[in-house]
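Here is target_14.txt, consisting of compact mmCIF, C-alpha atoms and all ligand atoms:
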```txt
# COMPACT_ATOMS: atom_id res chain seq x y z
CA MET A 210 0.00 0.00 0.00
CA PRO A 211 1.50 3.42 -0.90
CA ASP A 212 2.44 5.54 2.17
CA THR A 213 -0.01 8.25 1.14
CA MET A 214 -3.04 5.93 1.45
CA PRO A 215 -4.90 6.57 4.74
CA LYS A 216 -4.86 3.44 6.91
CA ILE A 217 -8.31 2.05 7.57
CA LYS A 218 -8.50 1.00 11.22
CA ARG A 219 -10.99 -1.12 13.17
CA ILE A 220 -12.06 1.23 15.92
CA LEU A 221 -14.25 0.47 18.93
CA VAL A 222 -16.06 3.41 20.53
CA ALA A 223 -17.46 2.40 23.92
CA GLY A 224 -20.24 4.80 24.89
CA GLY A 225 -20.47 5.55 21.18
CA ALA A 226 -24.18 6.40 21.21
CA GLY A 227 -23.78 9.23 23.72
CA PHE A 228 -23.43 12.97 23.27
CA LEU A 229 -19.68 12.94 22.54
CA GLY A 230 -19.45 9.31 21.39
CA SER A 231 -21.99 9.70 18.59
CA HIS A 232 -20.10 12.66 17.16
CA LEU A 233 -16.84 10.75 17.46
CA CYS A 234 -18.38 7.76 15.62
CA GLU A 235 -19.59 10.10 12.89
CA ARG A 236 -16.10 11.57 12.44
CA LEU A 237 -14.45 8.14 12.32
CA VAL A 238 -17.05 6.68 9.93
CA ASP A 239 -16.64 9.70 7.63
CA ALA A 240 -12.89 9.15 7.68
CA GLY A 241 -13.53 5.65 6.30
CA HIS A 242 -12.66 3.61 9.39
CA ASP A 243 -14.42 0.41 10.37
CA VAL A 244 -16.30 1.62 13.47
CA ILE A 245 -17.93 -0.52 16.15
CA CYS A 246 -20.15 1.40 18.58
CA VAL A 247 -20.74 -0.36 21.90
CA ASP A 248 -23.36 1.12 24.21
CA ASN A 249 -25.99 0.00 26.71
CA PHE A 250 -28.12 3.14 26.05
CA PHE A 251 -28.23 3.99 29.75
CA THR A 252 -28.05 7.75 29.08
CA SER A 253 -28.48 7.95 25.33
CA GLN A 254 -30.97 7.08 22.63
CA LYS A 255 -30.65 5.30 19.32
CA GLU A 256 -31.55 8.51 17.50
CA ASN A 257 -28.02 9.74 18.15
CA ILE A 258 -26.56 7.12 15.83
CA GLN A 259 -29.63 6.31 13.70
CA HIS A 260 -28.12 8.14 10.73
CA LEU A 261 -25.04 5.88 10.86
CA LEU A 262 -26.85 2.54 10.96
CA ASP A 263 -27.00 2.10 7.20
CA ARG A 264 -23.36 3.01 6.66
CA PRO A 265 -21.41 -0.14 5.68
CA ASN A 266 -18.45 0.75 7.91
CA PHE A 267 -20.57 1.23 11.08
CA GLU A 268 -21.78 -1.47 13.43
CA LEU A 269 -23.77 -1.18 16.66
CA ILE A 270 -23.52 -3.60 19.58
CA ARG A 271 -25.84 -3.16 22.57
CA HIS A 272 -23.61 -4.25 25.42
CA ASP A 273 -22.72 -3.24 28.97
CA VAL A 274 -18.97 -2.67 29.33
CA THR A 275 -18.98 -4.05 32.89
CA LEU A 276 -19.26 -7.45 31.17
CA PRO A 277 -16.42 -8.97 29.11
CA LEU A 278 -16.44 -8.49 25.35
CA TYR A 279 -14.22 -10.11 22.74
CA LEU A 280 -13.60 -8.23 19.50
CA GLU A 281 -10.62 -7.72 17.22
CA VAL A 282 -9.75 -4.04 16.97
CA ASP A 283 -6.85 -1.64 16.35
CA GLU A 284 -8.05 1.22 18.55
CA ILE A 285 -10.46 1.70 21.44
CA TYR A 286 -11.98 4.93 22.72
CA ASN A 287 -13.49 4.43 26.17
CA LEU A 288 -16.30 6.94 26.66
CA ALA A 289 -18.71 4.55 28.35
CA CYS A 290 -19.79 6.21 31.58
CA PRO A 291 -22.70 8.42 32.58
CA ALA A 292 -21.28 11.96 32.63
CA ALA A 293 -23.96 14.28 34.00
CA PRO A 294 -24.24 14.54 37.82
CA GLY A 295 -27.93 13.51 37.74
CA HIS A 296 -27.10 10.48 35.61
CA TYR A 297 -24.04 9.26 37.49
CA GLN A 298 -25.66 9.75 40.90
CA TYR A 299 -28.78 7.83 39.80
CA ASN A 300 -27.00 4.54 40.53
CA PRO A 301 -23.63 5.48 42.01
CA ILE A 302 -22.47 1.89 42.52
CA LYS A 303 -23.10 1.10 38.89
CA THR A 304 -21.21 4.27 37.90
CA MET A 305 -18.14 3.10 39.82
CA LYS A 306 -18.45 -0.38 38.29
CA THR A 307 -18.70 1.12 34.82
CA SER A 308 -15.52 3.15 35.27
CA ILE A 309 -13.50 0.37 36.87
CA LEU A 310 -14.85 -2.93 35.46
CA GLY A 311 -15.50 -1.26 32.10
CA SER A 312 -11.89 -0.06 31.97
CA ILE A 313 -10.56 -3.47 33.02
CA ASN A 314 -12.56 -5.23 30.28
CA LEU A 315 -11.61 -2.76 27.57
CA ILE A 316 -7.94 -2.55 28.56
CA GLY A 317 -7.91 -6.36 28.59
CA MET A 318 -9.18 -6.31 25.01
CA ALA A 319 -6.52 -3.74 24.09
CA LYS A 320 -3.80 -5.88 25.68
CA ARG A 321 -4.94 -9.00 23.80
CA CYS A 322 -5.15 -7.13 20.46
CA ARG A 323 -2.15 -4.83 21.15
CA ALA A 324 -4.60 -2.02 20.38
CA LYS A 325 -4.16 1.62 21.31
CA ILE A 326 -6.71 2.65 23.95
CA LEU A 327 -7.86 6.13 24.94
CA GLN A 328 -9.62 6.88 28.20
CA ALA A 329 -12.08 9.77 28.35
CA SER A 330 -11.19 11.05 31.79
CA THR A 331 -12.47 14.25 33.28
CA SER A 332 -11.67 17.55 34.96
CA GLU A 333 -13.56 16.04 37.92
CA VAL A 334 -10.31 14.29 38.86
CA TYR A 335 -9.30 17.76 40.15
CA GLY A 336 -12.38 17.88 42.42
CA ASP A 337 -12.94 21.34 43.90
CA PRO A 338 -9.53 22.65 42.85
CA VAL A 339 -7.33 24.94 44.90
CA VAL A 340 -4.91 25.39 42.00
CA HIS A 341 -6.30 27.57 39.22
CA PRO A 342 -6.26 27.08 36.26
CA GLN A 343 -5.67 23.35 36.56
CA PRO A 344 -2.50 21.89 35.01
CA GLU A 345 -2.14 18.13 34.57
CA THR A 346 0.46 18.11 37.37
CA TYR A 347 -2.17 19.14 39.96
CA ASN A 348 -3.31 16.06 41.86
CA GLY A 349 -6.71 17.44 42.75
CA SER A 350 -8.88 17.84 45.79
CA VAL A 351 -11.63 15.23 45.67
CA ASN A 352 -13.98 14.28 48.49
CA PRO A 353 -13.80 10.46 48.31
CA ILE A 354 -17.05 9.89 50.21
CA GLY A 355 -19.38 12.55 48.82
CA PRO A 356 -22.17 12.14 46.23
CA ARG A 357 -19.85 13.03 43.33
CA ALA A 358 -17.21 10.49 44.41
CA CYS A 359 -18.69 7.58 42.41
CA TYR A 360 -17.80 9.49 39.26
CA ASP A 361 -14.66 11.37 40.35
CA GLU A 362 -13.02 8.45 42.12
CA GLY A 363 -14.16 5.98 39.45
CA LYS A 364 -12.43 8.10 36.82
CA ARG A 365 -9.34 8.49 39.03
CA ALA A 366 -9.17 4.72 39.52
CA ALA A 367 -9.53 4.25 35.77
CA GLU A 368 -6.58 6.59 35.19
CA THR A 369 -4.57 4.48 37.64
CA LEU A 370 -5.43 1.33 35.69
CA PHE A 371 -4.45 2.91 32.39
CA MET A 372 -1.10 4.08 33.75
CA ASP A 373 -0.36 0.72 35.39
CA TYR A 374 -1.16 -1.24 32.23
CA HIS A 375 1.21 1.09 30.42
CA ARG A 376 3.96 0.64 33.03
CA VAL A 377 3.51 -3.12 33.44
CA HIS A 378 2.60 -4.21 29.90
CA ARG A 379 3.87 -1.26 27.82
CA LEU A 380 0.33 -0.91 26.52
CA PRO A 381 -0.07 2.14 24.21
CA VAL A 382 -2.59 4.08 26.30
CA ARG A 383 -3.85 7.66 25.99
CA VAL A 384 -5.64 9.62 28.72
CA VAL A 385 -7.47 12.90 28.13
CA ARG A 386 -9.07 14.95 30.89
CA ILE A 387 -12.16 16.52 29.38
CA PHE A 388 -13.54 19.79 30.79
CA ASN A 389 -17.21 20.81 30.44
CA THR A 390 -18.28 20.25 26.85
CA TYR A 391 -21.59 21.20 25.25
CA GLY A 392 -23.33 21.09 21.91
CA PRO A 393 -26.02 19.36 19.85
CA ARG A 394 -27.19 15.93 21.11
CA MET A 395 -26.83 16.77 24.79
CA HIS A 396 -29.61 14.97 26.61
CA PRO A 397 -32.17 17.71 27.38
CA TYR A 398 -32.95 16.21 30.79
CA ASP A 399 -29.39 15.32 31.84
CA GLY A 400 -29.40 18.18 34.36
CA ARG A 401 -26.13 19.63 33.10
CA VAL A 402 -26.03 23.37 33.18
CA VAL A 403 -26.04 24.10 29.43
CA SER A 404 -28.83 21.65 28.60
CA ASN A 405 -30.87 22.74 31.62
CA PHE A 406 -30.59 26.46 30.86
CA ILE A 407 -31.40 26.08 27.15
CA ARG A 408 -34.36 23.74 27.79
CA GLN A 409 -35.67 26.01 30.53
CA ALA A 410 -35.30 29.08 28.30
CA LEU A 411 -37.07 27.46 25.34
CA THR A 412 -39.96 26.16 27.41
CA GLY A 413 -40.41 29.36 29.40
CA GLU A 414 -39.45 27.79 32.74
CA ASP A 415 -37.39 29.63 35.35
CA ILE A 416 -33.65 29.27 34.88
CA THR A 417 -32.28 27.48 37.92
CA ILE A 418 -28.98 28.83 39.24
CA TYR A 419 -27.52 26.61 41.96
CA GLY A 420 -25.69 28.49 44.70
CA ASP A 421 -24.77 32.14 44.16
CA GLY A 422 -23.99 31.73 40.45
CA ASN A 423 -20.43 32.96 40.91
CA GLN A 424 -18.93 29.49 40.50
CA THR A 425 -17.11 29.16 37.20
CA ARG A 426 -16.85 26.65 34.37
CA SER A 427 -15.05 26.71 31.01
CA PHE A 428 -17.15 25.41 28.13
CA CYS A 429 -15.79 23.69 25.05
CA TYR A 430 -17.84 23.13 21.90
CA ARG A 431 -18.34 19.42 21.10
CA ASP A 432 -16.70 19.33 17.65
CA GLU A 433 -13.47 20.90 18.91
CA LEU A 434 -13.32 18.53 21.87
CA VAL A 435 -13.76 15.48 19.64
CA GLU A 436 -11.05 16.79 17.33
CA GLY A 437 -8.72 16.96 20.36
CA MET A 438 -9.52 13.35 21.30
CA ILE A 439 -8.77 12.12 17.78
CA ARG A 440 -5.48 14.07 17.73
CA MET A 441 -4.50 12.49 21.03
CA MET A 442 -5.27 9.00 19.72
CA ASP A 443 -3.42 9.63 16.45
CA ASN A 444 -0.41 11.23 18.11
CA THR A 445 2.62 9.13 17.30
CA SER A 446 4.92 10.48 20.03
CA ASP A 447 5.45 8.67 23.33
CA VAL A 448 3.02 10.98 25.10
CA ILE A 449 0.34 9.01 26.90
CA GLY A 450 -1.13 11.87 28.96
CA PRO A 451 -3.03 12.75 30.93
CA ILE A 452 -3.70 15.79 28.79
CA ASN A 453 -6.33 18.43 29.53
CA LEU A 454 -8.84 19.11 26.76
CA GLY A 455 -11.15 22.06 27.25
CA ASN A 456 -11.74 25.69 26.40
CA PRO A 457 -9.76 27.98 28.73
CA ASP A 458 -12.33 30.83 28.52
CA GLU A 459 -13.90 30.90 31.96
CA PHE A 460 -17.44 32.10 32.76
CA THR A 461 -19.55 32.32 35.87
CA ILE A 462 -22.76 30.30 35.83
CA ARG A 463 -24.70 33.56 36.11
CA GLU A 464 -22.98 34.86 32.96
CA LEU A 465 -23.93 31.64 31.17
CA ALA A 466 -27.58 32.05 32.25
CA GLU A 467 -27.68 35.65 31.04
CA THR A 468 -26.17 34.69 27.68
CA VAL A 469 -28.69 31.88 27.17
CA VAL A 470 -31.59 34.22 27.99
CA GLU A 471 -30.26 36.80 25.55
CA LEU A 472 -29.66 34.30 22.72
CA THR A 473 -33.05 32.62 23.05
CA GLY A 474 -35.01 35.82 23.70
CA ALA A 475 -36.59 33.95 26.62
CA LYS A 476 -38.89 35.55 29.17
CA SER A 477 -37.57 33.18 31.84
CA ARG A 478 -36.56 34.57 35.22
CA LEU A 479 -33.35 33.55 36.97
CA THR A 480 -34.12 31.72 40.19
CA MET A 481 -31.66 30.66 42.88
CA LYS A 482 -31.53 27.08 44.24
CA PRO A 483 -29.27 25.54 46.90
CA SER A 484 -25.80 24.56 45.79
CA PRO A 485 -25.31 20.78 45.35
CA ALA A 486 -22.82 19.06 47.71
CA ASP A 487 -19.15 19.35 46.71
CA ASP A 488 -19.97 21.58 43.72
CA PRO A 489 -16.57 22.85 42.48
CA ARG A 490 -16.24 26.64 42.85
CA GLN A 491 -13.97 27.11 39.88
CA ARG A 492 -12.77 25.18 36.89
CA CYS A 493 -10.54 26.15 34.01
CA PRO A 494 -8.07 24.02 32.06
CA ASP A 495 -4.43 24.83 31.56
CA ILE A 496 -4.09 23.59 27.97
CA ALA A 497 -0.39 24.34 27.43
CA SER A 498 0.31 20.62 26.88
CA ALA A 499 -2.50 20.17 24.34
CA ARG A 500 -1.31 23.27 22.47
CA LYS A 501 2.26 22.03 22.37
CA ILE A 502 1.82 18.30 21.83
CA LEU A 503 -1.39 18.16 19.80
CA ASP A 504 -1.26 21.62 18.20
CA TRP A 505 -4.83 21.88 19.49
CA GLU A 506 -6.72 24.83 20.89
CA PRO A 507 -10.43 25.68 20.87
CA LYS A 508 -11.47 28.62 18.70
CA ILE A 509 -15.27 28.58 18.97
CA ALA A 510 -16.48 31.30 21.34
CA LEU A 511 -19.16 30.35 23.87
CA ARG A 512 -21.79 32.59 22.22
CA ASP A 513 -21.24 30.99 18.82
CA GLY A 514 -21.31 27.44 20.17
CA LEU A 515 -24.41 28.23 22.20
CA GLU A 516 -26.17 29.56 19.10
CA LYS A 517 -25.63 26.24 17.31
CA THR A 518 -26.72 24.33 20.40
CA VAL A 519 -29.89 26.41 20.84
CA GLU A 520 -30.72 25.82 17.18
CA TRP A 521 -30.48 22.05 17.72
CA PHE A 522 -32.59 22.21 20.89
CA ARG A 523 -35.26 24.18 19.01
CA GLY A 524 -35.57 21.27 16.56
CA ILE A 525 -36.08 18.43 19.05
CA ASP A 526 -39.23 17.08 20.65
CA PHE A 527 -38.51 17.10 24.41
CA ASP A 528 -41.18 14.43 24.98
CA ARG A 529 -39.12 11.88 23.05
CA PHE A 530 -36.34 11.97 25.64
CA ARG A 531 -36.52 10.04 28.87
CA PRO A 532 -34.45 10.04 32.04
CA PRO A 533 -32.08 7.07 32.61
CA THR A 534 -33.76 3.72 33.22
CA PRO A 535 -32.78 1.40 36.08
CA CYS A 536 -29.59 -0.40 35.11
CA TYR A 537 -27.97 -2.77 37.57
P1 LIG B 601 -23.20 10.58 27.69
O1 LIG B 601 -23.91 10.17 28.93
O2 LIG B 601 -24.00 11.23 26.61
O3 LIG B 601 -22.42 9.36 27.05
C1 LIG B 601 -22.01 8.23 27.76
C2 LIG B 601 -22.43 7.00 26.97
O4 LIG B 601 -21.97 5.81 27.68
C3 LIG B 601 -23.95 6.86 26.84
O5 LIG B 601 -24.31 6.55 25.51
C4 LIG B 601 -24.30 5.72 27.79
O6 LIG B 601 -25.46 5.02 27.41
C5 LIG B 601 -23.04 4.88 27.71
N1 LIG B 601 -22.84 4.01 28.88
C6 LIG B 601 -22.96 4.34 30.20
N2 LIG B 601 -22.72 3.27 30.97
C7 LIG B 601 -22.42 2.24 30.13
C8 LIG B 601 -22.09 0.88 30.31
N3 LIG B 601 -22.01 0.34 31.54
N4 LIG B 601 -21.88 0.10 29.22
C9 LIG B 601 -21.98 0.63 27.97
N5 LIG B 601 -22.28 1.92 27.73
C10 LIG B 601 -22.50 2.72 28.80
O7 LIG B 601 -22.01 11.55 28.15
P2 LIG B 601 -20.92 12.34 27.30
O8 LIG B 601 -21.00 13.75 27.72
O9 LIG B 601 -21.01 11.99 25.87
O10 LIG B 601 -19.59 11.74 27.93
C11 LIG B 601 -18.80 10.78 27.26
C12 LIG B 601 -17.55 10.50 28.08
O11 LIG B 601 -16.78 11.69 28.21
C13 LIG B 601 -17.85 9.99 29.50
O12 LIG B 601 -16.95 8.97 29.82
C14 LIG B 601 -17.61 11.21 30.35
O13 LIG B 601 -17.18 10.86 31.64
C15 LIG B 601 -16.52 11.94 29.57
N6 LIG B 601 -16.57 13.39 29.85
C16 LIG B 601 -17.54 14.18 29.30
C17 LIG B 601 -17.58 15.53 29.64
C18 LIG B 601 -18.60 16.47 29.05
O14 LIG B 601 -18.64 17.64 29.43
N7 LIG B 601 -19.44 16.05 28.13
C19 LIG B 601 -16.65 16.07 30.53
C20 LIG B 601 -15.71 15.21 31.10
C21 LIG B 601 -15.66 13.88 30.74
N1 LIG B 602 -25.87 24.38 37.63
C1 LIG B 602 -26.81 25.37 37.82
N2 LIG B 602 -28.07 25.16 37.39
C2 LIG B 602 -28.46 24.03 36.76
C3 LIG B 602 -27.50 23.00 36.54
C4 LIG B 602 -26.21 23.22 37.00
O1 LIG B 602 -26.51 26.43 38.38
O2 LIG B 602 -29.65 23.94 36.38
C5 LIG B 602 -24.49 24.61 38.08
C6 LIG B 602 -23.89 23.49 38.92
O3 LIG B 602 -24.23 23.66 40.28
C7 LIG B 602 -22.41 23.68 38.65
C8 LIG B 602 -22.37 24.17 37.20
O4 LIG B 602 -23.67 24.67 36.93
O5 LIG B 602 -21.88 24.69 39.48
C9 LIG B 602 -22.02 23.09 36.20
O6 LIG B 602 -22.86 21.99 36.43
P1 LIG B 602 -22.90 20.71 35.49
O7 LIG B 602 -23.79 19.73 36.15
O8 LIG B 602 -23.22 21.11 34.10
O9 LIG B 602 -21.40 20.18 35.43
P2 LIG B 602 -20.26 19.93 36.51
O10 LIG B 602 -20.69 20.41 37.86
O11 LIG B 602 -20.04 18.47 36.47
O12 LIG B 602 -19.14 20.74 35.98
```

For the file at hand, write its structure as structure tokens.
Ligand code: NAD
Ligand code: UDP
Amino acid sequence: MPDTMPKIKRILVAGGAGFLGSHLCERLVDAGHDVICVDNFFTSQKENIQHLLDRPNFELIRHDVTLPLYLEVDEIYNLACPAAPGHYQYNPIKTMKTSILGSINLIGMAKRCRAKILQASTSEVYGDPVVHPQPETYNGSVNPIGPRACYDEGKRAAETLFMDYHRVHRLPVRVVRIFNTYGPRMHPYDGRVVSNFIRQALTGEDITIYGDGNQTRSFCYRDELVEGMIRMMDNTSDVIGPINLGNPDEFTIRELAETVVELTGAKSRLTMKPSPADDPRQRCPDIASARKILDWEPKIALRDGLEKTVEWFRGIDFDRFRPPTPCY
């Protein structure tokens, strides 16, 4: 095969029907790869990948990653895990199992196939950070026994597994720490701040600000985040991560609410609710490593990304979405 021919790879995307996973599948299918999407549809619906089902290089397997799975692949992206606080706290024990057993099963597959494997980790590994912005060298400040721990500690344990498999078996792993990402195909009832505010604005409900609204987040548009993940997987250097992926523009939650109201022309009022336990006060990625190693940096401003997201939310029927079903 001439060197210029793109190599077609067999790529497994675990959690491939979700908000980020479905966009990742789309990108990989469009690039001509042989894509296998594995998902148990705990927090997603088939609609997210419906448009891919008749593509010859796309295959869907309904499967729970806490159970073993045997496939032959060249690359694995592990995105299988509920990501929104409401979703991951719904069944916290299952969330922990998904992060840990799911990682063990998928890393086992990678080891058997000598496949490259990327873990979608999270800024939650920094907990409620006292270092700001957060560089990858910061070890975080996580409450191990609070309601967010099932997710934060599950993801931290998964990072440990990835690093140990690399140290012990020289497995080619990649770890990215994803900061708050938003865009089309967010679940409208996932309770995350962007989906909540847009849904509330479009349906004329009050916009619910938890706490004083001065806590901060940094929001990355979906397409740019997925591009960063692919660059990390494709990177041929020895860098295994963890690498932060996120948009370093930081906003208060109140600023986000005001922007959503302005963009939607909503009549909604802002209403204050109690702050959830262990809610991080500030969050902003230091992306110096991603800039240097991946030549990656987000360019889509929050307003522009929100406009596209609002447009998508205007086109969906909220009644077709349901909250997560019991899943033990
Ligand atoms: P999502 O909930 O839309 O996607 C997760 C997908 O995993 C869903 O399709 C769900 O059904 C599936 N899943 C859950 N448990 C599973 C199991 N046991 N077996 C098989 N499939 C399972 O969330 P998302 O925002 O697309 O997040 C994708 C990944 O990125 C997650 O691992 C999340 O932790 C990580 N991440 C996302 C963000 C963000 O802001 N979106 C931030 C940090 C990290
Ligand atoms: N938040 C809010 N109103 C909502 C949903 C969330 O004020 O309706 C706040 C939440 O308390 C947190 C921030 O928005 O401070 C981001 O919450 P999200 O659940 O989207 O993500 P995470 O806390 O995991 O970053």

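Taking CA of Glu345 in chain A and atom C3 of ligand LIG 601 (chain B) as endpoints, the distance between them is 25.7 Å.
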
Give, as lines of an AutoDock Vina configuration file, the centre coordinates and the x, y and z edge lengths in Å to one decimal for an axis-aligned box around all listed atoms of ligand LIG 601 (chain B), padded by 6 Å on each side.
```
center_x = -20.6
center_y = 8.9
center_z = 28.6
size_x = 21.8
size_y = 29.5
size_z = 18.1
```

- Dump the neighbourhood of ligand LIG 601 (chain B) as number ranges by chain: all residues within 7 Å, distances computed on only C-alpha atoms and all ligand atoms. A: 223-230, 247-253, 272-275, 287-293, 307, 311, 329-332, 386-391, 395-396

- Task: Grab me every residue within 6 Å of ligand LIG 602 (chain B), counting only C-alpha atoms and all ligand atoms, and send it over as number ranges by chain.
- Result: A: 293-294, 389, 400-402, 405, 417-419, 424, 462, 484-485, 488

So that I can check the surroundings of Gly392 in chain A, please list as an mmCIF file with C-alpha atoms, in the frame of the given file every protein, DNA and RNA residue that reaches within 10 Å of it, counting all atoms listed in the file and ignoring chain neighbours fewer than 5 positions away.
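Saved file selection.cif follows:
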```cif
data_model
loop_
_atom_site.group_PDB
_atom_site.id
_atom_site.type_symbol
_atom_site.label_atom_id
_atom_site.label_comp_id
_atom_site.auth_asym_id
_atom_site.auth_seq_id
_atom_site.Cartn_x
_atom_site.Cartn_y
_atom_site.Cartn_z
ATOM 1 C CA PHE A 228 -23.430 12.970 23.270
ATOM 2 C CA LEU A 229 -19.680 12.940 22.540
ATOM 3 C CA VAL A 403 -26.040 24.100 29.430
ATOM 4 C CA SER A 404 -28.830 21.650 28.600
ATOM 5 C CA PHE A 428 -17.150 25.410 28.130
ATOM 6 C CA CYS A 429 -15.790 23.690 25.050
ATOM 7 C CA TYR A 430 -17.840 23.130 21.900
ATOM 8 C CA ARG A 431 -18.340 19.420 21.100
ATOM 9 C CA ASP A 432 -16.700 19.330 17.650
ATOM 10 C CA GLY A 514 -21.310 27.440 20.170
ATOM 11 C CA LEU A 515 -24.410 28.230 22.200
ATOM 12 C CA GLU A 516 -26.170 29.560 19.100
ATOM 13 C CA LYS A 517 -25.630 26.240 17.310
ATOM 14 C CA THR A 518 -26.720 24.330 20.400
ATOM 15 C CA VAL A 519 -29.890 26.410 20.840
ATOM 16 C CA GLU A 520 -30.720 25.820 17.180
ATOM 17 C CA TRP A 521 -30.480 22.050 17.720
ATOM 18 C CA PHE A 522 -32.590 22.210 20.890
#
```

- Task: Please work out which residues fall within 8 Å of (-6.4, 9.2, 21.4), coordinates as given in the file, with only C-alpha atoms counting, and return them as a PyMOL selection string.
- Result: chain A and resi 286+325-328+383-385+438-444

- Correct to one decimal, the distance CA of Ser312 in chain A-CA of Leu370 in chain A is 7.6 Å

- Message: With distances taken over all atoms listed in the file, which residue among A:Ala366, A:Ala466, A:Leu237, A:Leu276 lies nearest Arg264 in chain A?
- Response: A:Leu237

- Within-12 Å shell of (-17.0, 10.9, 47.8) in input frame, only C-alpha atoms, as a list in words: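 Residues with an atom at most 12 Å from (-17.0, 10.9, 47.8): Gln298, Pro301, Ile302, Met305, Glu333, Val334, Gly336, Asp337, Ser350, Val351, Asn352, Pro353, Ile354, Gly355, Pro356, Arg357, Ala358, Cys359, Tyr360, Asp361, Glu362, Gly363, Arg365, Ala486, Asp487 and Asp488 of chain A.
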
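CA of Asp399 in chain A sits 28.7 Å away from CA of Tyr347 in chain A.
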
- Query: Skipping near chain neighbours, those fewer than 6 positions away, what residues fall within 10 Å of Phe460 in chain A using only C-alpha atoms, listed as a list in words?
  - Reply: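 The residues satisfying every condition are Asn423, Gln424, Thr425, Arg426, Ser427, Phe428, Gln491, Arg492, Cys493 and Leu511 of chain A.
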
- Identify which of the residues A:Tyr374, A:Tyr335, A:Phe527, A:Tyr279 lies closest to Ile407 in chain A, counting only C-alpha atoms when measuring atom-to-atom distances. A:Phe527

- Counting only C-alpha atoms, figure out which residue out of A:Ile525, A:Leu434, A:Met372, A:Leu465 gets nearest to Ile316 in chain A.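 The shortest atom-to-atom distance to Ile316 in chain A comes from A:Met372.
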
- Message: Given all atoms listed in the file as the basis, pick out the residue of A:Asp513, A:Asp495, A:Asp263, A:Glu459 nearest to Gln343 in chain A.
- Response: A:Asp495

- Message: Give me, as a VMD selection string, all polymer residues having an atom no more than 9 Å from Ala324 in chain A, counting only C-alpha atoms and skipping those fewer than 4 positions away in the same chain.
- Response: chain A and resid 281 to 285 316 318 to 320 380 to 382

- Note on the structure: In terms of all atoms listed in the file, the residue from A:Phe530, A:Pro489, A:Asp415, A:Pro393 at minimal distance from Gly349 in chain A is A:Pro489

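Across A:Glu368, A:Thr346, A:Ala475, A:Pro483, the tightest approach to Ile496 in chain A is made by A:Thr346 when counting only C-alpha atoms.
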